>>> print(open('start-v3.pdb').read())   # PDB, C-alpha atoms
MODEL        1
ATOM      1  CA  LEU A  11     138.357  68.373  46.588
ATOM      2  CA  GLY A  12     135.832  70.668  45.018
ATOM      3  CA  LYS A  13     135.188  72.710  48.171
ATOM      4  CA  THR A  14     134.909  76.498  47.993
ATOM      5  CA  MET A  15     137.909  78.118  49.667
ATOM      6  CA  LEU A  16     136.994  81.779  49.062
ATOM      7  CA  GLU A  17     133.511  83.129  48.517
ATOM      8  CA  ASN A  18     132.804  86.066  46.206
ATOM      9  CA  SER A  19     134.021  89.204  47.926
ATOM     10  CA  PRO A  20     134.162  92.933  47.196
ATOM     11  CA  LEU A  21     137.770  92.973  48.420
ATOM     12  CA  GLY A  22     140.659  93.614  46.073
ATOM     13  CA  VAL A  23     144.128  95.077  45.867
ATOM     14  CA  ILE A  24     145.406  98.264  44.282
ATOM     15  CA  THR A  25     149.173  98.342  43.734
ATOM     16  CA  ASN A  26     151.667 100.278  41.681
ATOM     17  CA  GLU A  27     151.340  97.420  39.144
ATOM     18  CA  GLY A  28     147.591  97.919  38.673
ATOM     19  CA  ASP A  29     144.055  97.908  40.048
ATOM     20  CA  PHE A  30     143.022  94.388  41.042
ATOM     21  CA  THR A  31     139.656  95.239  42.601
ATOM     22  CA  THR A  32     137.384  94.234  39.689
ATOM     23  CA  ASP A  33     137.077  91.705  36.885
ATOM     24  CA  LEU A  34     139.248  89.016  38.499
ATOM     25  CA  HIS A  35     138.529  85.449  37.396
ATOM     26  CA  PHE A  36     139.738  82.084  38.651
ATOM     27  CA  VAL A  37     141.986  80.509  36.019
ATOM     28  CA  ASP A  38     143.560  77.322  37.346
ATOM     29  CA  SER A  39     144.790  75.471  40.412
ATOM     30  CA  ALA A  40     147.115  72.589  41.152
ATOM     31  CA  SER A  41     147.343  70.613  44.355
ATOM     32  CA  GLY A  42     150.190  68.527  45.654
ATOM     33  CA  GLU A  43     151.950  67.238  48.727
ATOM     34  CA  VAL A  44     155.113  68.110  50.603
ATOM     35  CA  ASP A  45     156.912  65.292  52.359
ATOM     36  CA  HIS A  46     160.256  66.138  53.979
ATOM     37  CA  ARG A  47     162.323  64.076  56.396
ATOM     38  CA  TYR A  48     165.615  65.214  57.798
ATOM     39  CA  THR A  49     167.895  65.048  60.803
ATOM     40  CA  GLN A  50     169.454  67.970  62.562
ATOM     41  CA  ARG A  51     171.967  68.009  65.370
ATOM     42  CA  LYS A  52     171.713  70.102  68.509
ATOM     43  CA  ILE A  53     167.922  70.325  68.662
ATOM     44  CA  LYS A  54     165.539  68.626  71.079
ATOM     45  CA  GLN A  55     164.067  66.329  68.422
ATOM     46  CA  SER A  56     166.838  65.448  65.954
ATOM     47  CA  TYR A  57     164.649  63.568  63.415
ATOM     48  CA  VAL A  58     161.998  65.733  61.750
ATOM     49  CA  GLU A  59     159.139  64.627  59.486
ATOM     50  CA  TYR A  60     157.113  67.329  57.737
ATOM     51  CA  HIS A  61     153.933  66.527  55.783
ATOM     52  CA  ALA A  62     151.703  69.172  54.180
ATOM     53  CA  ASN A  63     149.328  69.759  51.284
ATOM     54  CA  THR A  64     149.928  72.487  48.710
ATOM     55  CA  LEU A  65     147.598  74.525  46.533
ATOM     56  CA  LYS A  66     149.009  76.635  43.730
TER      57      LYS A  66
ENDMDL
END
>>> encode(input="start-v3.pdb", output="structure tokens")
Amino acid sequence: LGKTMLENSPLGVITNEGDFTTDLHFVDSASGEVDHRYTQRKIKQSYVEYHANTLK
């Protein structure tokens, strides 16, 4: 944790909702984990385990 994911950049987005090319500031983040296990018929591997990290 605490590693920079995106450096400062002149990139931005302009949409019909507004101009998001300047004055953007990081507000908050939340991390978590996804852990799914399920079985499915008629596929090569019927038992599936899925593990991932999330960042919101």
>>> resolve_selection(input="start-v3.pdb", expression="the PyMOL selection byres ((chain A and resi 29-37) around 12)", output="list in words")
Thr14, Met15, Leu16, Glu17, Asn18, Ser19, Pro20, Leu21, Gly22, Val23, Ile24, Thr25, Asn26, Glu27, Gly28, Asp38, Ser39, Ala40 and Lys66 of chain A
>>> resolve_selection(input="start-v3.pdb", expression="the PyMOL selection byres ((chain A and resi 43) around 9)", output="NGL selection string")
:A and (41-42 or 44-45 or 61-65)
>>> residues_near_point(input="start-v3.pdb", point="(167.8, 65.7, 53.4)", cutoff="12 Å", atoms="all atoms listed in the file", output="CSV table (one decimal) with C-alpha atoms, in the coordinates of the input")
chain,number,residue,atom,x,y,z
A,45,ASP,CA,156.9,65.3,52.4
A,46,HIS,CA,160.3,66.1,54.0
A,47,ARG,CA,162.3,64.1,56.4
A,48,TYR,CA,165.6,65.2,57.8
A,49,THR,CA,167.9,65.0,60.8
A,50,GLN,CA,169.5,68.0,62.6
A,57,TYR,CA,164.6,63.6,63.4
A,58,VAL,CA,162.0,65.7,61.8
A,59,GLU,CA,159.1,64.6,59.5
A,60,TYR,CA,157.1,67.3,57.7
>>> decode(input="start-v3.pdb", residues="chain A", atoms="C-alpha atoms", output="short mmCIF file (atom, residue, chain, number, x, y, z; two decimals), in the first residue's frame")
data_model
loop_
_atom_site.label_atom_id
_atom_site.label_comp_id
_atom_site.auth_asym_id
_atom_site.auth_seq_id
_atom_site.Cartn_x
_atom_site.Cartn_y
_atom_site.Cartn_z
CA LEU A 11 0.00 0.00 0.00
CA GLY A 12 1.02 3.59 -0.42
CA LYS A 13 2.42 3.16 -3.94
CA THR A 14 1.70 5.74 -6.64
CA MET A 15 -0.62 4.29 -9.27
CA LEU A 16 -0.93 7.36 -11.52
CA GLU A 17 1.59 10.16 -11.80
CA ASN A 18 0.56 13.77 -12.41
CA SER A 19 -0.53 14.06 -16.02
CA PRO A 20 -1.84 16.76 -18.36
CA LEU A 21 -4.51 14.33 -19.58
CA GLY A 22 -8.17 14.87 -18.84
CA VAL A 23 -11.65 14.29 -20.18
CA ILE A 24 -14.18 16.67 -21.67
CA THR A 25 -17.73 15.31 -21.78
CA ASN A 26 -21.23 16.64 -22.17
CA GLU A 27 -21.33 16.63 -18.33
CA GLY A 28 -18.35 18.98 -17.99
CA ASP A 29 -14.67 19.75 -18.50
CA PHE A 30 -12.52 17.43 -16.39
CA THR A 31 -9.12 18.54 -17.68
CA THR A 32 -8.10 20.82 -14.78
CA ASP A 33 -8.40 21.17 -11.02
CA LEU A 34 -9.00 17.47 -10.30
CA HIS A 35 -7.99 16.30 -6.82
CA PHE A 36 -7.74 12.86 -5.25
CA VAL A 37 -10.44 12.51 -2.60
CA ASP A 38 -10.52 8.96 -1.24
CA SER A 39 -9.89 5.30 -1.99
CA ALA A 40 -10.95 1.97 -0.57
CA SER A 41 -9.35 -1.39 -1.20
CA GLY A 42 -10.82 -4.82 -0.79
CA GLU A 43 -10.78 -8.39 -2.02
CA VAL A 44 -12.98 -10.51 -4.25
CA ASP A 45 -13.17 -14.20 -3.47
CA HIS A 46 -15.63 -16.26 -5.53
CA ARG A 47 -15.96 -20.03 -5.79
CA TYR A 48 -18.53 -21.74 -7.91
CA THR A 49 -19.24 -24.81 -10.00
CA GLN A 50 -20.57 -24.84 -13.51
CA ARG A 51 -21.61 -27.76 -15.64
CA LYS A 52 -20.58 -28.34 -19.23
CA ILE A 53 -17.24 -26.53 -19.09
CA LYS A 54 -13.74 -28.00 -19.13
CA GLN A 55 -13.01 -27.06 -15.51
CA SER A 56 -16.26 -27.33 -13.54
CA TYR A 57 -14.96 -25.86 -10.24
CA VAL A 58 -13.83 -22.24 -10.49
CA GLU A 59 -12.00 -20.16 -7.87
CA TYR A 60 -11.59 -16.44 -8.53
CA HIS A 61 -9.42 -14.21 -6.31
CA ALA A 62 -8.75 -10.53 -7.01
CA ASN A 63 -8.01 -7.22 -5.30
CA THR A 64 -10.25 -4.19 -5.73
CA LEU A 65 -9.59 -0.46 -5.58
CA LYS A 66 -12.49 1.96 -5.49
#
